[in-house]
file target_22.cif (mmCIF, C-alpha atoms)
data_data
#
loop_
_atom_site.label_atom_id
_atom_site.label_comp_id
_atom_site.auth_asym_id
_atom_site.auth_seq_id
_atom_site.Cartn_x
_atom_site.Cartn_y
_atom_site.Cartn_z
CA MET A 1 -123.86 -35.81 -17.71
CA LYS A 2 -125.83 -33.59 -15.39
CA GLN A 3 -124.21 -31.16 -12.99
CA ASN A 4 -126.19 -32.55 -10.02
CA LYS A 5 -124.63 -35.98 -10.50
CA ILE A 6 -121.19 -34.42 -10.02
CA GLY A 7 -122.49 -32.79 -6.83
CA ARG A 8 -123.69 -36.16 -5.59
CA TYR A 9 -120.26 -37.74 -6.12
CA VAL A 10 -118.51 -34.81 -4.42
CA PHE A 11 -120.95 -35.15 -1.48
CA LEU A 12 -120.25 -38.90 -1.23
CA SER A 13 -116.49 -38.28 -1.39
CA VAL A 14 -116.80 -35.79 1.50
CA ILE A 15 -118.68 -38.44 3.51
CA GLY A 16 -115.90 -40.88 2.64
CA PHE A 17 -113.29 -38.42 3.85
CA VAL A 18 -115.20 -37.88 7.12
CA ILE A 19 -115.37 -41.66 7.72
CA PHE A 20 -111.64 -41.91 6.90
CA GLY A 21 -110.83 -39.07 9.32
CA ALA A 22 -113.07 -40.54 12.02
CA GLY A 23 -111.20 -43.82 11.67
CA LEU A 24 -107.83 -42.09 12.15
CA VAL A 25 -109.15 -40.18 15.19
CA LEU A 26 -110.52 -43.42 16.69
CA ILE A 27 -107.15 -45.16 16.20
CA LYS A 28 -105.49 -42.29 18.09
CA LEU A 29 -108.13 -42.05 20.84
CA LEU A 30 -108.69 -45.76 21.46
CA PRO A 31 -105.28 -47.43 21.30
CA GLU A 32 -106.14 -50.34 23.63
CA THR A 33 -109.61 -51.74 23.22
CA ASP A 34 -111.22 -55.12 22.63
CA GLY A 35 -113.99 -56.48 20.48
CA ILE A 36 -115.62 -54.45 17.73
CA LEU A 37 -113.88 -51.21 18.79
CA LYS A 38 -110.53 -52.82 18.01
CA THR A 39 -111.34 -53.33 14.33
CA LEU A 40 -113.87 -50.51 13.78
CA PRO A 41 -111.25 -47.75 13.27
CA ASP A 42 -109.41 -49.87 10.68
CA ILE A 43 -112.66 -50.59 8.85
CA CYS A 44 -113.47 -46.85 8.92
CA VAL A 45 -110.08 -45.94 7.44
CA GLY A 46 -110.32 -48.55 4.68
CA LEU A 47 -113.97 -47.92 3.83
CA GLY A 48 -113.58 -44.11 4.06
CA ALA A 49 -110.52 -44.07 1.80
CA GLY A 50 -112.33 -46.25 -0.73
CA ILE A 51 -115.50 -44.12 -0.77
CA PHE A 52 -113.48 -40.89 -0.90
CA GLY A 53 -111.16 -42.00 -3.71
CA GLY A 54 -113.80 -43.74 -5.82
CA ASN A 55 -116.35 -40.92 -5.72
CA LEU A 56 -113.83 -38.09 -6.13
CA GLY A 57 -112.39 -39.90 -9.16
CA THR A 58 -115.86 -40.27 -10.69
CA ALA A 59 -116.66 -36.59 -9.97
CA ILE A 60 -113.44 -35.43 -11.68
CA LYS A 61 -114.10 -37.75 -14.65
CA ASN A 62 -117.67 -36.46 -15.00
CA LYS A 63 -116.48 -32.84 -14.78
CA THR A 64 -113.95 -33.46 -17.57
CA VAL A 65 -116.59 -35.19 -19.69
CA LEU A 66 -119.02 -32.32 -19.14
CA LYS A 67 -116.51 -29.88 -20.65
CA ASN A 68 -115.96 -32.07 -23.71
CA PRO A 69 -119.19 -33.56 -25.16
CA GLN A 70 -117.26 -35.22 -28.00
CA ALA A 71 -115.16 -37.17 -25.51
CA ALA A 72 -118.35 -38.08 -23.64
CA LYS A 73 -119.86 -39.50 -26.82
CA GLN A 74 -116.67 -41.46 -27.52
CA ILE A 75 -116.68 -42.92 -23.99
CA GLU A 76 -120.33 -43.92 -24.44
CA VAL A 77 -119.57 -45.61 -27.78
CA GLU A 78 -116.61 -47.48 -26.25
CA GLN A 79 -118.77 -48.66 -23.34
CA LYS A 80 -121.66 -49.80 -25.54
CA ASP A 81 -119.43 -51.31 -28.24
CA GLU A 82 -120.52 -54.94 -28.66
CA ARG A 83 -116.98 -56.23 -29.17
CA ASN A 84 -115.76 -54.48 -26.02
CA GLN A 85 -118.69 -55.96 -24.10
CA ALA A 86 -118.03 -59.44 -25.51
CA ILE A 87 -114.34 -59.15 -24.56
CA GLY A 88 -115.27 -57.96 -21.07
CA ASN A 89 -117.67 -60.87 -20.58
CA MET A 90 -115.15 -63.42 -21.85
CA ALA A 91 -112.46 -62.02 -19.57
CA LYS A 92 -114.83 -62.23 -16.59
CA ALA A 93 -115.75 -65.81 -17.48
CA ARG A 94 -112.07 -66.81 -17.67
CA ALA A 95 -111.35 -65.06 -14.38
CA TYR A 96 -114.24 -66.99 -12.76
CA ASP A 97 -112.81 -70.31 -14.01
CA LEU A 98 -109.45 -69.36 -12.50
CA LEU A 99 -111.09 -68.22 -9.27
CA ILE A 100 -112.81 -71.57 -8.78
CA TYR A 101 -109.55 -73.55 -9.14
CA VAL A 102 -107.34 -71.14 -7.18
CA TYR A 103 -109.91 -70.85 -4.40
CA ALA A 104 -110.18 -74.66 -4.13
CA ALA A 105 -106.38 -74.94 -3.95
CA MET A 106 -106.31 -72.25 -1.26
CA LEU A 107 -108.94 -74.11 0.78
CA LEU A 108 -106.87 -77.28 0.56
CA ALA A 109 -103.73 -75.39 1.60
CA PHE A 110 -105.53 -73.84 4.59
CA ASN A 111 -106.71 -77.30 5.56
CA PHE A 112 -103.14 -78.64 5.53
CA MET A 113 -102.03 -75.64 7.61
CA GLN A 114 -104.65 -76.67 10.18
CA VAL A 115 -106.36 -73.32 10.16
CA ASP A 116 -109.34 -73.03 12.54
CA MET A 117 -112.43 -74.90 11.38
CA TYR A 118 -114.67 -71.80 11.43
CA VAL A 119 -112.33 -70.06 8.98
CA ILE A 120 -112.39 -73.09 6.64
CA LEU A 121 -116.19 -73.35 6.90
CA THR A 122 -116.62 -69.63 6.13
CA LEU A 123 -114.38 -69.94 3.08
CA VAL A 124 -116.25 -73.07 1.94
CA ALA A 125 -119.56 -71.17 2.32
CA VAL A 126 -118.20 -68.34 0.14
CA TYR A 127 -116.93 -70.90 -2.42
CA LEU A 128 -120.34 -72.57 -2.55
CA PHE A 129 -121.99 -69.15 -2.92
CA PHE A 130 -120.02 -68.56 -6.13
CA VAL A 131 -120.81 -72.06 -7.43
CA PHE A 132 -124.54 -71.72 -6.69
CA ALA A 133 -124.59 -68.21 -8.18
CA ASN A 134 -123.16 -69.75 -11.36
CA VAL A 135 -125.89 -72.44 -11.39
CA TYR A 136 -128.55 -69.78 -10.68
CA PHE A 137 -127.47 -67.58 -13.59
CA LEU A 138 -127.14 -70.59 -15.91
CA THR A 139 -130.75 -71.57 -15.16
CA LYS A 140 -131.95 -67.95 -15.41
CA TYR A 141 -130.35 -67.36 -18.82
CA HIS A 142 -131.52 -70.75 -20.13
CA LYS A 143 -135.08 -69.64 -19.36
CA GLU A 144 -134.60 -66.15 -20.81
CA MET A 145 -132.81 -67.06 -24.03
CA MET B 1 -116.64 -65.99 -41.10
CA LYS B 2 -115.13 -64.13 -44.04
CA ASN B 3 -116.41 -60.77 -45.20
CA ARG B 4 -115.88 -58.12 -47.86
CA LEU B 5 -116.14 -55.20 -45.45
CA GLU B 6 -112.67 -53.74 -46.09
CA GLU B 7 -113.12 -54.00 -49.85
CA ILE B 8 -116.58 -52.40 -49.77
CA ARG B 9 -115.44 -49.67 -47.35
CA LYS B 10 -112.50 -48.75 -49.61
CA GLN B 11 -114.72 -48.81 -52.69
CA ASN B 12 -116.93 -46.25 -50.96
CA ASP B 13 -113.88 -44.22 -49.90
CA ILE B 14 -114.78 -44.29 -46.21
CA ARG B 15 -112.27 -44.30 -43.37
CA GLN B 16 -112.54 -46.85 -40.54
CA GLU B 17 -113.08 -43.99 -38.09
CA ASP B 18 -116.02 -42.61 -40.07
CA LEU B 19 -117.66 -46.01 -40.49
CA ALA B 20 -117.20 -46.67 -36.77
CA ALA B 21 -118.80 -43.31 -35.92
CA ALA B 22 -121.74 -43.95 -38.25
CA LEU B 23 -122.35 -47.40 -36.78
CA GLU B 24 -121.68 -46.22 -33.20
CA VAL B 25 -118.98 -48.81 -32.55
CA SER B 26 -115.29 -48.45 -31.80
CA ARG B 27 -112.73 -48.19 -34.60
CA GLN B 28 -111.09 -51.36 -33.24
CA THR B 29 -114.34 -53.26 -33.86
CA ILE B 30 -114.25 -52.25 -37.53
CA GLY B 31 -110.60 -53.34 -37.73
CA SER B 32 -111.36 -56.71 -36.11
CA LEU B 33 -114.34 -57.26 -38.42
CA GLU B 34 -112.19 -56.54 -41.47
CA ASN B 35 -109.46 -58.91 -40.29
CA GLY B 36 -112.04 -61.63 -39.66
CA ARG B 37 -111.05 -61.85 -35.99
CA TYR B 38 -114.53 -60.89 -34.79
CA ASN B 39 -117.96 -61.88 -36.09
CA PRO B 40 -120.61 -59.19 -35.58
CA SER B 41 -123.96 -59.64 -33.88
CA ILE B 42 -126.90 -59.95 -36.25
CA ILE B 43 -127.91 -56.38 -35.34
CA LEU B 44 -124.49 -54.96 -36.25
CA ALA B 45 -124.45 -57.02 -39.46
CA PHE B 46 -127.83 -55.49 -40.42
CA LYS B 47 -126.56 -51.99 -39.55
CA ILE B 48 -123.49 -52.49 -41.76
CA ALA B 49 -125.60 -53.84 -44.63
CA LYS B 50 -128.08 -50.97 -44.28
CA TYR B 51 -125.25 -48.41 -44.19
CA PHE B 52 -123.89 -49.62 -47.54
CA GLY B 53 -127.35 -50.25 -49.02
CA MET B 54 -126.57 -53.92 -49.52
CA SER B 55 -127.79 -57.25 -48.18
CA ILE B 56 -125.93 -59.11 -45.43
CA ASN B 57 -125.13 -61.92 -47.90
CA GLU B 58 -123.28 -59.48 -50.12
CA ILE B 59 -120.95 -58.45 -47.28
CA PHE B 60 -120.60 -61.54 -45.08
CA ILE B 61 -119.68 -64.88 -46.63
CA TYR B 62 -121.07 -67.93 -44.87
CA GLU B 63 -119.09 -71.11 -45.46
CA GLU B 64 -120.64 -74.45 -44.51
CA GLU B 65 -117.54 -75.86 -42.73
CA GLN B 66 -117.43 -72.78 -40.45
CA GLY B 67 -121.03 -73.28 -39.36
CA ASN B 68 -120.10 -74.30 -35.83
CA GLU B 69 -117.89 -71.31 -35.18
CA THR B 70 -118.93 -69.41 -32.09
CA GLU B 71 -116.63 -66.40 -32.30
#
call {"tool": "encode", "arguments": {"input": "target_22.cif", "output": "structure tokens"}}
result
Amino acid sequence: MKQNKIGRYVFLSVIGFVIFGAGLVLIKLLPETDGILKTLPDICVGLGAGIFGGNLGTAIKNKTVLKNPQAAKQIEVEQKDERNQAIGNMAKARAYDLLIYVYAAMLLAFNFMQVDMYVILTLVAVYLFFVFANVYFLTKYHKEM
Amino acid sequence: MKNRLEEIRKQNDIRQEDLAAALEVSRQTIGSLENGRYNPSIILAFKIAKYFGMSINEIFIYEEEQGNETE
């Protein structure tokens, strides 16, 4: 792990913190607004916190790994281990199967609750995106393998 | 698929940790292979055979009725 990669994650976490702070300031400065300005501060807070936490965590992990090359090697072996990868892929496949059924049930429930049509249509579009992505990857891997 | 990995490893007086390190896999993978819970990829099977200086057939036992097993 190179030192400059740690620097990059620290830099990104600082940017995340700035976005997070800007969001808090905007919430304080613009209490009563409409349109995009109403949701922008909340998006900034959420996005900023995510970027800050994720990148700072990676930077700390990389720093620890840099001090202990043996641990770094062990982490690499665990990540590349074919059984771990097979387990990860199987778990993702099972989660996808669950997602498809749970999502369909949720769509039905929203329909019964008479949620606005544009919400239903957006959720249906997302559902179809997952289904078509599945078909796309099936076709792709059939050609490749 | 059955295998003689545990028997061969013990004959050679090698610990699971050392075999895992030599093959660059996790120790759990060696344990699962020995228990027969996990079947290795063809590449890992070749690596194991090469490590012990044996052929794959001498370590892994293919049985006809298990031919359709996928995992």
call {"tool": "atom_distance", "arguments": {"input": "target_22.cif", "atom1": "CA of Gln28 (chain B)", "atom2": "CA of Ala45 (chain B)"}}
result
15.8 Å
call {"tool": "resolve_selection", "arguments": {"input": "target_22.cif", "expression": "the PyMOL selection byres ((chain A and resi 56-72) around 7)", "output": "count of residues only"}}
result
13
call {"tool": "atom_distance", "arguments": {"input": "target_22.cif", "atom1": "CA of Ile42 (chain B)", "atom2": "CA of Glu6 (chain B)"}}
result
18.4 Å
call {"tool": "resolve_selection", "arguments": {"input": "target_22.cif", "expression": "the PyMOL selection byres ((chain A) within 8 of (chain B))", "output": "list in words"}}
result
Val77, Glu78, Lys80, Asp81, Glu82 and Arg83 of chain A
call {"tool": "residues_around", "arguments": {"input": "target_22.cif", "residues": "region 98-107 of chain A", "least_positions_apart": "2", "cutoff": "9 Å", "atoms": "only C-alpha atoms", "output": "number ranges by chain"}}
result
A: 93-96, 109-112, 120, 123-124, 127, 130-131
call {"tool": "write_last_selection", "arguments": {"input": "target_22.cif", "atoms": "C-alpha atoms", "output": "mmCIF file, in the coordinates of the input"}}
result
data_model
loop_
_atom_site.group_PDB
_atom_site.id
_atom_site.type_symbol
_atom_site.label_atom_id
_atom_site.label_comp_id
_atom_site.auth_asym_id
_atom_site.auth_seq_id
_atom_site.Cartn_x
_atom_site.Cartn_y
_atom_site.Cartn_z
ATOM 1 C CA ALA A 93 -115.750 -65.810 -17.480
ATOM 2 C CA ARG A 94 -112.070 -66.810 -17.670
ATOM 3 C CA ALA A 95 -111.350 -65.060 -14.380
ATOM 4 C CA TYR A 96 -114.240 -66.990 -12.760
ATOM 5 C CA ALA A 109 -103.730 -75.390 1.600
ATOM 6 C CA PHE A 110 -105.530 -73.840 4.590
ATOM 7 C CA ASN A 111 -106.710 -77.300 5.560
ATOM 8 C CA PHE A 112 -103.140 -78.640 5.530
ATOM 9 C CA ILE A 120 -112.390 -73.090 6.640
ATOM 10 C CA LEU A 123 -114.380 -69.940 3.080
ATOM 11 C CA VAL A 124 -116.250 -73.070 1.940
ATOM 12 C CA TYR A 127 -116.930 -70.900 -2.420
ATOM 13 C CA PHE A 130 -120.020 -68.560 -6.130
ATOM 14 C CA VAL A 131 -120.810 -72.060 -7.430
#
call {"tool": "resolve_selection", "arguments": {"input": "target_22.cif", "expression": "the PyMOL selection byres ((chain A and resi 20) around 9)", "output": "count of residues only"}}
result
21
call {"tool": "closest_residue", "arguments": {"input": "target_22.cif", "among": "B:Lys2, B:Gly53, B:Gly31, B:Ile43", "to": "Arg15 (chain B)", "atoms": "all atoms listed in the file"}}
result
B:Gly31
call {"tool": "atom_distance", "arguments": {"input": "target_22.cif", "atom1": "CA of Val135 (chain A)", "atom2": "CA of Leu121 (chain A)"}}
result
20.7 Å
